[in-house]
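Chemist: Here you go, target-v2.txt (compact mmCIF, C-alpha atoms and all ligand atoms):
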```
# COMPACT_ATOMS: atom_id res chain seq x y z
CA MET X 141 115.09 221.01 128.48
CA LYS X 142 118.22 218.98 129.08
CA PHE X 143 119.83 220.24 125.87
CA LYS X 144 119.84 223.36 123.71
CA THR X 145 119.19 222.97 120.00
CA ILE X 146 120.62 226.38 119.21
CA GLU X 147 122.14 229.16 121.24
CA TRP X 148 123.32 232.71 120.61
CA LYS X 149 126.78 233.02 122.14
CA GLY X 150 127.54 236.68 121.38
CA ASP X 151 130.30 236.09 118.82
CA ARG X 152 129.06 232.72 117.50
CA VAL X 153 126.01 230.50 117.11
CA ARG X 154 126.16 227.15 118.88
CA LEU X 155 124.16 224.28 117.37
CA LEU X 156 123.62 220.75 118.61
CA ASP X 157 124.92 218.75 115.63
CA GLN X 158 121.90 216.58 114.80
CA ARG X 159 123.79 214.51 112.22
CA ARG X 160 125.66 212.86 115.07
CA LEU X 161 122.72 212.01 117.32
CA PRO X 162 122.03 209.74 119.12
CA GLN X 163 125.57 208.31 119.17
CA GLU X 164 127.26 211.58 120.04
CA VAL X 165 126.10 214.79 121.69
CA ARG X 166 128.40 217.27 120.05
CA TYR X 167 127.96 221.02 119.61
CA LEU X 168 129.02 222.91 116.53
CA ASP X 169 130.20 226.52 116.86
CA CYS X 170 129.40 228.59 113.76
CA ARG X 171 131.53 231.73 113.71
CA ASP X 172 130.19 233.23 110.49
CA ALA X 173 127.03 233.27 108.40
CA SER X 174 128.40 230.83 105.81
CA SER X 175 128.95 228.16 108.46
CA VAL X 176 125.38 228.66 109.67
CA ALA X 177 124.14 228.34 106.07
CA ARG X 178 126.20 225.16 105.64
CA ALA X 179 124.80 223.74 108.91
CA ILE X 180 121.26 224.29 107.59
CA ARG X 181 122.00 222.78 104.16
CA THR X 182 123.73 219.72 105.58
CA MET X 183 121.07 219.28 108.26
CA ALA X 184 123.33 219.73 111.29
CA ILE X 185 120.29 221.78 112.28
CA ARG X 186 116.93 220.95 110.74
CA GLY X 187 113.19 221.26 111.39
CA ALA X 188 111.19 224.23 110.10
CA PRO X 189 111.22 226.58 113.11
CA ALA X 190 114.82 225.70 114.06
CA ILE X 191 116.20 226.60 110.63
CA GLY X 192 114.30 229.90 110.79
CA VAL X 193 115.95 230.71 114.13
CA ALA X 194 119.36 229.61 112.78
CA ALA X 195 118.99 231.82 109.70
CA ALA X 196 118.08 234.85 111.86
CA MET X 197 121.07 234.24 114.15
CA GLY X 198 123.30 233.74 111.10
CA ILE X 199 122.22 237.13 109.77
CA ALA X 200 122.87 238.82 113.14
CA LEU X 201 126.27 237.15 113.24
CA ALA X 202 127.12 238.31 109.72
CA ALA X 203 126.26 241.89 110.68
CA GLN X 204 128.61 241.70 113.64
CA LYS X 205 131.50 240.53 111.49
CA ILE X 206 131.25 243.37 108.94
CA ARG X 207 134.14 245.76 109.55
CA SER X 208 132.99 248.64 107.36
CA ARG X 209 131.16 251.44 109.19
CA ARG X 210 129.85 252.82 105.91
CA ARG X 211 126.11 252.34 105.84
CA GLU X 212 125.89 251.66 102.11
CA ALA X 213 128.56 248.94 102.12
CA PHE X 214 127.04 247.41 105.26
CA TYR X 215 123.55 247.25 103.75
CA LYS X 216 124.90 245.75 100.52
CA SER X 217 126.65 242.96 102.41
CA MET X 218 123.54 242.33 104.52
CA GLU X 219 121.44 241.99 101.39
CA ARG X 220 123.82 239.27 100.14
CA VAL X 221 123.72 237.41 103.47
CA CYS X 222 119.91 237.51 103.67
CA HIS X 223 119.76 236.11 100.15
CA GLU X 224 122.26 233.34 100.97
CA MET X 225 120.27 232.33 104.06
CA SER X 226 116.94 232.28 102.24
CA GLN X 227 118.38 229.87 99.63
CA THR X 228 119.56 227.19 102.07
CA ARG X 229 116.42 225.01 102.02
CA PRO X 230 113.27 225.66 99.96
CA THR X 231 110.27 224.01 101.62
CA ALA X 232 109.94 225.31 105.20
CA VAL X 233 108.42 228.77 105.05
CA ASN X 234 109.71 229.54 108.56
CA LEU X 235 113.09 230.16 106.96
CA SER X 236 111.94 232.99 104.67
CA TRP X 237 109.61 234.19 107.43
CA ALA X 238 112.60 234.66 109.75
CA VAL X 239 114.79 236.19 107.00
CA ASP X 240 111.95 238.62 106.19
CA ARG X 241 111.74 239.64 109.86
CA MET X 242 115.46 240.39 109.84
CA LYS X 243 115.12 242.34 106.57
CA LYS X 244 112.23 244.33 108.04
CA THR X 245 114.40 245.19 111.04
CA LEU X 246 117.16 246.34 108.68
CA ASP X 247 114.66 248.60 106.92
CA GLU X 248 113.14 249.96 110.10
CA VAL X 249 116.41 250.98 111.76
CA HIS X 250 118.31 252.31 108.74
CA PHE X 251 118.50 255.74 110.42
CA LEU X 252 120.69 254.30 113.20
CA GLY X 253 124.45 254.06 112.83
CA VAL X 254 125.91 250.71 111.78
CA ASP X 255 126.58 249.75 115.41
CA GLY X 256 122.97 250.50 116.34
CA VAL X 257 121.70 248.38 113.44
CA LYS X 258 123.93 245.46 114.52
CA LYS X 259 122.52 245.65 118.04
CA ARG X 260 118.92 245.65 116.77
CA LEU X 261 119.59 242.65 114.52
CA GLU X 262 120.95 240.69 117.48
CA GLU X 263 117.90 241.64 119.55
CA GLU X 264 115.56 240.59 116.76
CA ALA X 265 117.28 237.20 116.34
CA ARG X 266 117.04 236.58 120.08
CA LYS X 267 113.39 237.59 120.03
CA ILE X 268 112.64 235.14 117.19
CA TYR X 269 114.30 232.43 119.33
CA GLU X 270 112.40 233.30 122.51
CA ASP X 271 109.06 233.74 120.75
CA ASP X 272 109.42 230.30 119.20
CA ILE X 273 109.77 228.61 122.60
CA GLU X 274 106.78 230.51 123.95
CA VAL X 275 104.70 229.65 120.88
CA ASN X 276 105.58 225.96 121.18
CA ARG X 277 104.53 225.85 124.82
CA LYS X 278 101.18 227.35 123.76
CA ILE X 279 100.81 224.72 121.02
CA GLY X 280 101.41 222.06 123.67
CA GLU X 281 98.79 223.57 125.97
CA ASN X 282 96.26 223.88 123.14
CA GLY X 283 96.82 220.38 121.79
CA LYS X 284 97.08 218.28 124.92
CA ILE X 285 93.29 217.84 125.20
CA LEU X 286 93.50 215.67 122.09
CA ILE X 287 95.46 212.98 123.98
CA HIS X 288 93.82 210.73 126.56
CA ASN X 289 94.94 208.05 129.00
CA GLY X 290 95.47 204.75 127.19
CA ASP X 291 95.85 206.34 123.73
CA GLY X 292 98.39 205.30 121.11
CA VAL X 293 99.82 208.40 119.41
CA LEU X 294 101.82 207.95 116.23
CA THR X 295 104.23 210.64 115.04
CA HIS X 296 106.55 210.94 112.05
CA CYS X 297 109.96 212.59 111.66
CA ASN X 298 111.03 214.95 114.45
CA ALA X 299 108.81 217.87 115.38
CA GLY X 300 110.37 218.23 118.81
CA ALA X 301 112.71 220.53 120.69
CA LEU X 302 115.41 219.61 118.17
CA ALA X 303 113.28 220.93 115.31
CA THR X 304 112.52 224.23 117.06
CA ALA X 305 114.13 226.69 119.48
CA GLY X 306 112.80 224.40 122.21
CA PHE X 307 109.87 222.23 123.40
CA GLY X 308 108.64 221.27 119.93
CA THR X 309 105.33 221.35 118.09
CA ALA X 310 103.86 217.83 117.66
CA LEU X 311 106.26 216.54 120.31
CA GLY X 312 105.43 219.59 122.41
CA VAL X 313 101.80 218.39 122.50
CA ILE X 314 103.00 214.94 123.59
CA ARG X 315 105.28 216.54 126.24
CA ALA X 316 102.48 218.72 127.59
CA ALA X 317 100.00 215.81 127.82
CA TRP X 318 102.62 213.62 129.54
CA ALA X 319 103.55 216.41 131.98
CA GLU X 320 99.90 216.64 132.93
CA GLY X 321 99.99 213.02 134.06
CA LYS X 322 98.29 211.40 131.08
CA ARG X 323 99.73 208.00 130.26
CA PHE X 324 99.65 206.77 126.66
CA ARG X 325 101.88 205.05 124.14
CA VAL X 326 104.03 206.97 121.67
CA PHE X 327 104.85 205.29 118.35
CA VAL X 328 107.49 206.86 116.11
CA ASP X 329 108.13 206.08 112.46
CA GLU X 330 111.84 205.68 111.81
CA THR X 331 111.43 208.18 108.90
CA ARG X 332 113.63 207.02 106.06
CA PRO X 333 115.94 208.13 104.62
CA MET X 334 117.40 210.46 107.29
CA LEU X 335 115.90 208.61 110.26
CA GLN X 336 114.76 211.71 112.16
CA GLY X 337 112.20 209.56 114.01
CA ALA X 338 114.51 206.72 115.02
CA ARG X 339 117.48 208.94 115.81
CA LEU X 340 116.08 212.25 117.03
CA THR X 341 112.52 211.84 118.27
CA ALA X 342 113.43 208.64 120.09
CA TRP X 343 116.46 210.39 121.65
CA GLU X 344 114.34 213.30 122.87
CA LEU X 345 111.71 211.03 124.35
CA VAL X 346 114.35 208.96 126.12
CA GLN X 347 115.71 212.18 127.69
CA GLU X 348 112.20 212.92 128.97
CA LYS X 349 111.66 209.34 130.17
CA ILE X 350 108.59 209.02 127.92
CA PRO X 351 108.42 205.41 126.67
CA VAL X 352 108.67 205.17 122.90
CA THR X 353 108.16 202.40 120.34
CA ILE X 354 109.92 202.72 116.98
CA LEU X 355 108.53 201.23 113.79
CA THR X 356 109.75 201.27 110.23
CA ASP X 357 107.63 203.54 108.03
CA SER X 358 105.93 200.65 106.25
CA MET X 359 104.60 199.19 109.54
CA ALA X 360 102.18 202.02 110.35
CA GLY X 361 99.23 200.58 108.41
CA TRP X 362 99.39 197.25 110.17
CA LEU X 363 99.74 198.92 113.58
CA MET X 364 96.57 200.89 112.80
CA LYS X 365 94.76 197.77 111.62
CA LYS X 366 95.56 196.15 114.95
CA GLY X 367 93.82 199.06 116.73
CA GLU X 368 96.96 200.33 118.47
CA VAL X 369 96.87 203.87 117.07
CA THR X 370 94.21 206.32 118.29
CA SER X 371 95.62 209.49 116.71
CA VAL X 372 98.38 210.69 114.40
CA LEU X 373 100.18 213.91 115.27
CA VAL X 374 102.80 215.49 113.00
CA GLY X 375 104.52 218.84 112.43
CA ALA X 376 104.59 220.87 109.21
CA ASP X 377 107.04 222.82 107.09
CA ARG X 378 104.52 224.95 105.25
CA ILE X 379 100.73 225.17 105.35
CA ALA X 380 98.88 226.74 102.43
CA ARG X 381 95.79 228.95 102.71
CA ASN X 382 93.43 225.98 102.17
CA GLY X 383 95.12 223.89 104.90
CA ASP X 384 97.22 221.62 102.63
CA ALA X 385 100.35 220.85 104.64
CA ALA X 386 103.91 220.04 103.59
CA ASN X 387 105.79 217.80 105.99
CA LYS X 388 108.45 215.09 105.93
CA ILE X 389 108.13 212.56 103.13
CA GLY X 390 105.81 209.76 104.26
CA THR X 391 103.34 212.06 106.01
CA TYR X 392 100.89 211.90 103.11
CA SER X 393 100.85 208.08 103.20
CA LEU X 394 100.22 208.20 106.96
CA ALA X 395 97.30 210.57 106.45
CA LEU X 396 95.77 208.24 103.84
CA LEU X 397 96.22 205.28 106.19
CA SER X 398 94.63 207.27 109.02
CA LYS X 399 91.62 208.03 106.83
CA SER X 400 91.21 204.33 105.92
CA HIS X 401 91.28 203.34 109.58
CA ASP X 402 89.12 206.22 110.80
CA ILE X 403 91.91 207.64 112.96
CA PRO X 404 92.12 211.43 113.48
CA PHE X 405 95.12 213.07 111.83
CA TYR X 406 96.40 216.32 113.39
CA VAL X 407 99.08 218.80 112.38
CA ALA X 408 100.80 220.95 115.02
CA ALA X 409 102.58 224.08 113.78
CA PRO X 410 103.19 227.70 114.72
CA THR X 411 101.52 230.44 112.68
CA SER X 412 104.99 231.18 111.26
CA THR X 413 104.49 227.95 109.25
CA LEU X 414 101.35 229.33 107.59
CA ASP X 415 101.82 230.64 104.09
CA LEU X 416 98.55 232.38 103.42
CA ASN X 417 99.95 233.83 100.19
CA ILE X 418 99.64 230.52 98.41
CA PRO X 419 96.21 229.03 97.73
CA SER X 420 97.10 225.34 97.95
CA GLY X 421 99.83 222.77 98.46
CA ALA X 422 100.42 222.64 94.69
CA ASP X 423 102.40 225.87 95.10
CA ILE X 424 104.75 224.56 97.81
CA PRO X 425 108.29 223.88 96.53
CA ILE X 426 109.44 220.38 97.45
CA GLU X 427 113.13 219.94 98.19
CA GLU X 428 114.86 217.09 96.32
CA ARG X 429 117.95 215.83 98.13
CA ALA X 430 120.95 213.79 97.04
CA THR X 431 120.08 210.28 95.91
CA GLN X 432 122.86 208.85 98.12
CA GLU X 433 120.55 209.42 101.11
CA VAL X 434 118.41 206.62 99.64
CA THR X 435 121.00 204.38 97.97
CA CYS X 436 123.19 204.30 101.06
CA PHE X 437 122.50 203.55 104.71
CA GLY X 438 124.83 205.86 106.56
CA LYS X 439 128.02 205.62 104.52
CA LYS X 440 127.34 202.10 103.30
CA ARG X 441 125.89 201.54 99.83
CA ILE X 442 122.82 199.27 99.97
CA THR X 443 121.75 199.28 96.32
CA PRO X 444 123.67 198.14 93.26
CA GLN X 445 125.80 200.87 91.66
CA LYS X 446 124.17 202.96 88.92
CA VAL X 447 120.56 202.65 90.12
CA ASP X 448 118.62 205.87 90.22
CA ALA X 449 116.69 206.95 93.34
CA PHE X 450 113.72 209.19 94.11
CA ASN X 451 114.39 211.46 97.09
CA PRO X 452 111.88 214.22 97.78
CA ALA X 453 112.39 215.43 101.36
CA PHE X 454 108.73 216.39 101.83
CA ASP X 455 105.23 215.63 100.58
CA ILE X 456 101.91 217.45 100.73
CA THR X 457 98.98 216.20 102.76
CA PRO X 458 95.71 217.54 101.34
CA HIS X 459 93.56 219.44 103.85
CA THR X 460 90.73 216.94 103.32
CA LEU X 461 92.76 214.37 105.28
CA ILE X 462 93.49 216.71 108.21
CA GLN X 463 91.20 216.77 111.25
CA GLY X 464 92.70 219.84 112.86
CA ILE X 465 95.72 222.17 112.87
CA ILE X 466 97.04 223.06 116.32
CA THR X 467 98.69 226.49 116.50
CA GLU X 468 99.65 228.77 119.38
CA ASN X 469 96.24 230.38 118.97
CA GLY X 470 94.10 227.24 119.27
CA ILE X 471 92.94 224.24 117.26
CA VAL X 472 91.85 225.19 113.76
CA ARG X 473 89.09 223.05 112.26
CA ARG X 474 87.44 223.07 108.84
CA PRO X 475 86.80 225.15 106.82
CA PHE X 476 90.56 225.81 106.98
CA LYS X 477 90.52 228.60 104.42
CA ARG X 478 88.39 230.78 106.65
CA ASN X 479 89.61 229.56 110.04
CA LEU X 480 93.37 229.65 109.33
CA ALA X 481 93.10 233.29 108.29
CA LEU X 482 91.27 234.06 111.55
CA ASN X 483 93.77 232.07 113.61
CA SER X 484 96.94 233.52 112.09
CA ARG X 485 97.26 236.56 114.32
CA PRO X 486 100.83 236.26 115.69
CA LEU X 487 101.53 235.98 119.40
CA THR X 488 104.14 238.52 120.50
CA SER X 489 106.25 238.79 123.62
CA LYS X 490 108.51 241.40 125.18
CA ARG X 491 111.64 242.24 123.21
CA ALA X 492 114.67 240.25 124.31
CA GLY X 493 117.00 242.41 126.43
O1 LIG M 1 114.14 217.59 106.68
P1 LIG M 1 113.80 218.02 108.06
O2 LIG M 1 114.34 217.11 109.11
O3 LIG M 1 114.15 219.46 108.30
O4 LIG M 1 112.22 217.91 108.12
C1 LIG M 1 111.56 218.29 109.30
C2 LIG M 1 110.11 218.02 109.28
O5 LIG M 1 109.55 217.61 108.29
C3 LIG M 1 109.35 218.40 110.52
O6 LIG M 1 108.28 217.53 110.71
C4 LIG M 1 108.81 219.83 110.36
O7 LIG M 1 109.87 220.69 110.04
C5 LIG M 1 108.14 220.31 111.58
S1 LIG M 1 109.27 220.66 112.86
C6 LIG M 1 108.49 221.35 114.17
```
How would this structure read if it were set down as C-alpha cells?

Modeler:
Amino acid sequence: MKFKTIEWKGDRVRLLDQRRLPQEVRYLDCRDASSVARAIRTMAIRGAPAIGVAAAMGIALAAQKIRSRRREAFYKSMERVCHEMSQTRPTAVNLSWAVDRMKKTLDEVHFLGVDGVKKRLEEEARKIYEDDIEVNRKIGENGKILIHNGDGVLTHCNAGALATAGFGTALGVIRAAWAEGKRFRVFVDETRPMLQGARLTAWELVQEKIPVTILTDSMAGWLMKKGEVTSVLVGADRIARNGDAANKIGTYSLALLSKSHDIPFYVAAPTSTLDLNIPSGADIPIEERATQEVTCFGKKRITPQKVDAFNPAFDITPHTLIQGIITENGIVRRPFKRNLALNSRPLTSKRAG
C-alpha cells in the first residue's frame, strides 16, 4: 500500500485524515483517547473495520497515559475510556467488537501489574490491526473468482484500504482480481452526502492505477439498463444472523436495482462485521447525522435556509437481495442463517510482537 490508514506510533496514533482527501494527504496525530474518539465521530477515520482498529488503539493509548499505578483506579479509568469509544458511532459492529476484545484482554490480565496490563493492551491493539489486514487479503482471494475479464463492477461508498487497516474488503476483491491480471471496468457511485466514493474510492484506485469511472448515485439504474454493470460489490457495517446487511445509505436502492436488472449483488465483509446476536436488520441501529451534510455541499449551503433534511448514514439491504457474502472464510450463500453461523469461525494469527 502506498499509504497507511492508521498506524500505532508508540506514544500516539497516526491517522490519514480522510476529510481532506483527495485534495490533501495529511496525517493526524492523536495523542490521547479523546482525540481518537473525536477522529471517529468526525469521520477523519471511517469505515467499519478501520474505526474498530482506531478504537482499540485509542484504548491502548489511554492506558499508557494513565499515571496511577493503583490497579483499581486504572481499571476504573479504562472502563470509562472503553465506554467512550463504544459510543462514537452506533452502526458498525466492528467498533464494539474491537472494544469488547480490549475489555476481554483487560479481564484476562488483571493479575498483572498495571505496566503489564498496558503492554498487553498495546499488543492486542496491534494484533487487531494486523489480523484485519490478513483477513482482508483472504477476502480478496476468496472473492476474486466473482470478477471476470470484460466485467463492469459497480461499488458504493469506500470499502477499501481507507476503510480498514489495509487492503479493503469490497475494494480488496477488486484489487486481488486486478493483481491477477483480470481487466474489467470499475464504476463508483459518488455516495452522497459525504462523497466517500468520489473522494476516497476514486483516490485509492488512482493510486493503484486501476481505471475508475465515477457516477452520481442516481445514475446507477440507467448504467445497469445499458448493460454496463455485470456485478455489484459493496462492504458492510453490520450483518445480522439472517444475512440482512447494513451499509452506506444508497446500498439498499442499488440492491433493488440489481434485482430488477438481474445483476448479482455481493457483500464483502470480515466475520468481525457479523452480529449473530441479532436476528435481522430490523435490530441494527442506524446512525442519523447532522442535516448540514445534506443541506450543504462542503461548506456551501445549497438549499434554502430553514428546510429540513433526512440524513441516515446507513440503510439495510434485506438478505433476499444478496447473492453472496464474501468473508475471510469463503463465499457464504443462502440459506444465510445456517451458512453464516458455520462461516463465522474467526481466523487468527500470531500475536504481534
Ligand atoms: O460512514 P462511513 O464512511 O464510515 O461508512 C462506511 C461504509 O458504509 C462502508 O461501506 C463499510 O463500513 C464497509 S468498509 C470495509

Chemist: Tell me which residues come within 7 Å of (110.7, 214.0, 119.0), as number ranges by chain, counting all atoms listed in the file in the file's coordinates.

Modeler: X: 298-300, 311, 337, 340-342, 344-345

Chemist: Pull the closest atom pair for each residue of chain X that gets at most 9 Å from ligand LIG 1 (chain M), along with the distance in Å to one decimal, counting all atoms listed in the file, ordering rows by chain and then ascending residue number, as JSON lines.

Modeler:
```
{"residue": "X:Ile180", "atom": "CA", "partner": "M:LIG1", "partner_atom": "O3", "distance": 8.6}
{"residue": "X:Met183", "atom": "CA", "partner": "M:LIG1", "partner_atom": "O3", "distance": 6.9}
{"residue": "X:Ile185", "atom": "CA", "partner": "M:LIG1", "partner_atom": "O3", "distance": 7.7}
{"residue": "X:Arg186", "atom": "CA", "partner": "M:LIG1", "partner_atom": "O3", "distance": 4.0}
{"residue": "X:Gly187", "atom": "CA", "partner": "M:LIG1", "partner_atom": "O7", "distance": 3.6}
{"residue": "X:Ala188", "atom": "CA", "partner": "M:LIG1", "partner_atom": "O7", "distance": 3.8}
{"residue": "X:Pro189", "atom": "CA", "partner": "M:LIG1", "partner_atom": "C6", "distance": 6.0}
{"residue": "X:Ala190", "atom": "CA", "partner": "M:LIG1", "partner_atom": "S1", "distance": 7.6}
{"residue": "X:Ile191", "atom": "CA", "partner": "M:LIG1", "partner_atom": "O3", "distance": 7.8}
{"residue": "X:Arg229", "atom": "CA", "partner": "M:LIG1", "partner_atom": "O3", "distance": 8.7}
{"residue": "X:Thr231", "atom": "CA", "partner": "M:LIG1", "partner_atom": "O3", "distance": 9.0}
{"residue": "X:Ala232", "atom": "CA", "partner": "M:LIG1", "partner_atom": "O7", "distance": 6.7}
{"residue": "X:Asn234", "atom": "CA", "partner": "M:LIG1", "partner_atom": "O7", "distance": 9.0}
{"residue": "X:Asn276", "atom": "CA", "partner": "M:LIG1", "partner_atom": "C6", "distance": 8.9}
{"residue": "X:His296", "atom": "CA", "partner": "M:LIG1", "partner_atom": "O6", "distance": 6.9}
{"residue": "X:Cys297", "atom": "CA", "partner": "M:LIG1", "partner_atom": "O6", "distance": 5.3}
{"residue": "X:Asn298", "atom": "CA", "partner": "M:LIG1", "partner_atom": "O6", "distance": 5.3}
{"residue": "X:Ala299", "atom": "CA", "partner": "M:LIG1", "partner_atom": "C6", "distance": 3.7}
{"residue": "X:Gly300", "atom": "CA", "partner": "M:LIG1", "partner_atom": "C6", "distance": 5.9}
{"residue": "X:Ala301", "atom": "CA", "partner": "M:LIG1", "partner_atom": "C6", "distance": 7.8}
{"residue": "X:Leu302", "atom": "CA", "partner": "M:LIG1", "partner_atom": "C6", "distance": 8.2}
{"residue": "X:Ala303", "atom": "CA", "partner": "M:LIG1", "partner_atom": "S1", "distance": 4.7}
{"residue": "X:Thr304", "atom": "CA", "partner": "M:LIG1", "partner_atom": "C6", "distance": 5.7}
{"residue": "X:Gly308", "atom": "CA", "partner": "M:LIG1", "partner_atom": "C6", "distance": 5.8}
{"residue": "X:Thr309", "atom": "CA", "partner": "M:LIG1", "partner_atom": "C6", "distance": 5.0}
{"residue": "X:Ala310", "atom": "CA", "partner": "M:LIG1", "partner_atom": "C6", "distance": 6.8}
{"residue": "X:Leu311", "atom": "CA", "partner": "M:LIG1", "partner_atom": "C6", "distance": 8.1}
{"residue": "X:Gly312", "atom": "CA", "partner": "M:LIG1", "partner_atom": "C6", "distance": 9.0}
{"residue": "X:Met334", "atom": "CA", "partner": "M:LIG1", "partner_atom": "O2", "distance": 7.5}
{"residue": "X:Leu335", "atom": "CA", "partner": "M:LIG1", "partner_atom": "O2", "distance": 8.7}
{"residue": "X:Gln336", "atom": "CA", "partner": "M:LIG1", "partner_atom": "O2", "distance": 6.2}
{"residue": "X:Val374", "atom": "CA", "partner": "M:LIG1", "partner_atom": "O6", "distance": 6.3}
{"residue": "X:Gly375", "atom": "CA", "partner": "M:LIG1", "partner_atom": "C5", "distance": 4.0}
{"residue": "X:Ala376", "atom": "CA", "partner": "M:LIG1", "partner_atom": "C5", "distance": 4.3}
{"residue": "X:Asp377", "atom": "CA", "partner": "M:LIG1", "partner_atom": "O7", "distance": 4.6}
{"residue": "X:Arg378", "atom": "CA", "partner": "M:LIG1", "partner_atom": "O7", "distance": 8.3}
{"residue": "X:Ala386", "atom": "CA", "partner": "M:LIG1", "partner_atom": "O5", "distance": 7.7}
{"residue": "X:Asn387", "atom": "CA", "partner": "M:LIG1", "partner_atom": "O5", "distance": 4.4}
{"residue": "X:Lys388", "atom": "CA", "partner": "M:LIG1", "partner_atom": "O5", "distance": 3.6}
{"residue": "X:Ile389", "atom": "CA", "partner": "M:LIG1", "partner_atom": "O5", "distance": 7.4}
{"residue": "X:Thr391", "atom": "CA", "partner": "M:LIG1", "partner_atom": "O5", "distance": 8.6}
{"residue": "X:Ala408", "atom": "CA", "partner": "M:LIG1", "partner_atom": "C6", "distance": 7.7}
{"residue": "X:Ala409", "atom": "CA", "partner": "M:LIG1", "partner_atom": "C6", "distance": 6.5}
{"residue": "X:Pro410", "atom": "CA", "partner": "M:LIG1", "partner_atom": "C6", "distance": 8.3}
{"residue": "X:Thr413", "atom": "CA", "partner": "M:LIG1", "partner_atom": "C5", "distance": 8.8}
{"residue": "X:Glu427", "atom": "CA", "partner": "M:LIG1", "partner_atom": "O1", "distance": 8.9}
{"residue": "X:Ala453", "atom": "CA", "partner": "M:LIG1", "partner_atom": "O1", "distance": 6.0}
{"residue": "X:Phe454", "atom": "CA", "partner": "M:LIG1", "partner_atom": "O5", "distance": 6.6}
```

Chemist: Mind checking which residues fall within 9 Å of Thr356 in chain X, counting only C-alpha atoms, ignoring those fewer than 5 positions away in the same chain, and posting them as a count of residues only?

Modeler: 6

Chemist: Skip Trp318 in chain X itself and residues of its chain fewer than 6 positions away, then list as a list in words all residues within 9 Å of it, counting all atoms listed in the file.

Modeler: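 Counting all atoms listed in the file, the residues come to Lys284, Phe324 and Ile350 of chain X.
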
Chemist: Can you pull out the residues contacting Ala177 in chain X? Cut-off 9 Å, using only C-alpha atoms, and skip same-chain residues under 3 positions away; I want them as number ranges by chain.

Modeler: X: 172-174, 180-182, 194-195, 198, 224-225, 227-228

Chemist: Can you tell me, as a list in words, what residues are no more than 7 Å from Cys222 in chain X when counting only C-alpha atoms, ignoring any on the same chain fewer than 3 positions away?

Modeler: Ile199, Met218, Glu219, Met225, Ser226 and Val239 of chain X

Chemist: If you measure from CA of Ile456 in chain X to CA of Thr145 in chain X, what distance in Å do you get, rounded to one decimal?

Modeler: 26.5 Å

Chemist: Hey, which of X:Val313, X:Val254, X:Ile403, X:Ile462 ends up closest to Arg207 in chain X? Count all atoms listed in the file.

Modeler: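 Comparing X:Val313, X:Val254, X:Ile403, X:Ile462 against Arg207 in chain X, the winner is X:Val254.
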
Chemist: When you count all atoms listed in the file, which of these residues is closest to Asp271 in chain X: X:Ile471, X:Ala430, X:Gly192, X:Ile287?

Modeler: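 Checking each of X:Ile471, X:Ala430, X:Gly192, X:Ile287 against Asp271 in chain X, counting all atoms listed in the file, the winner is X:Gly192.
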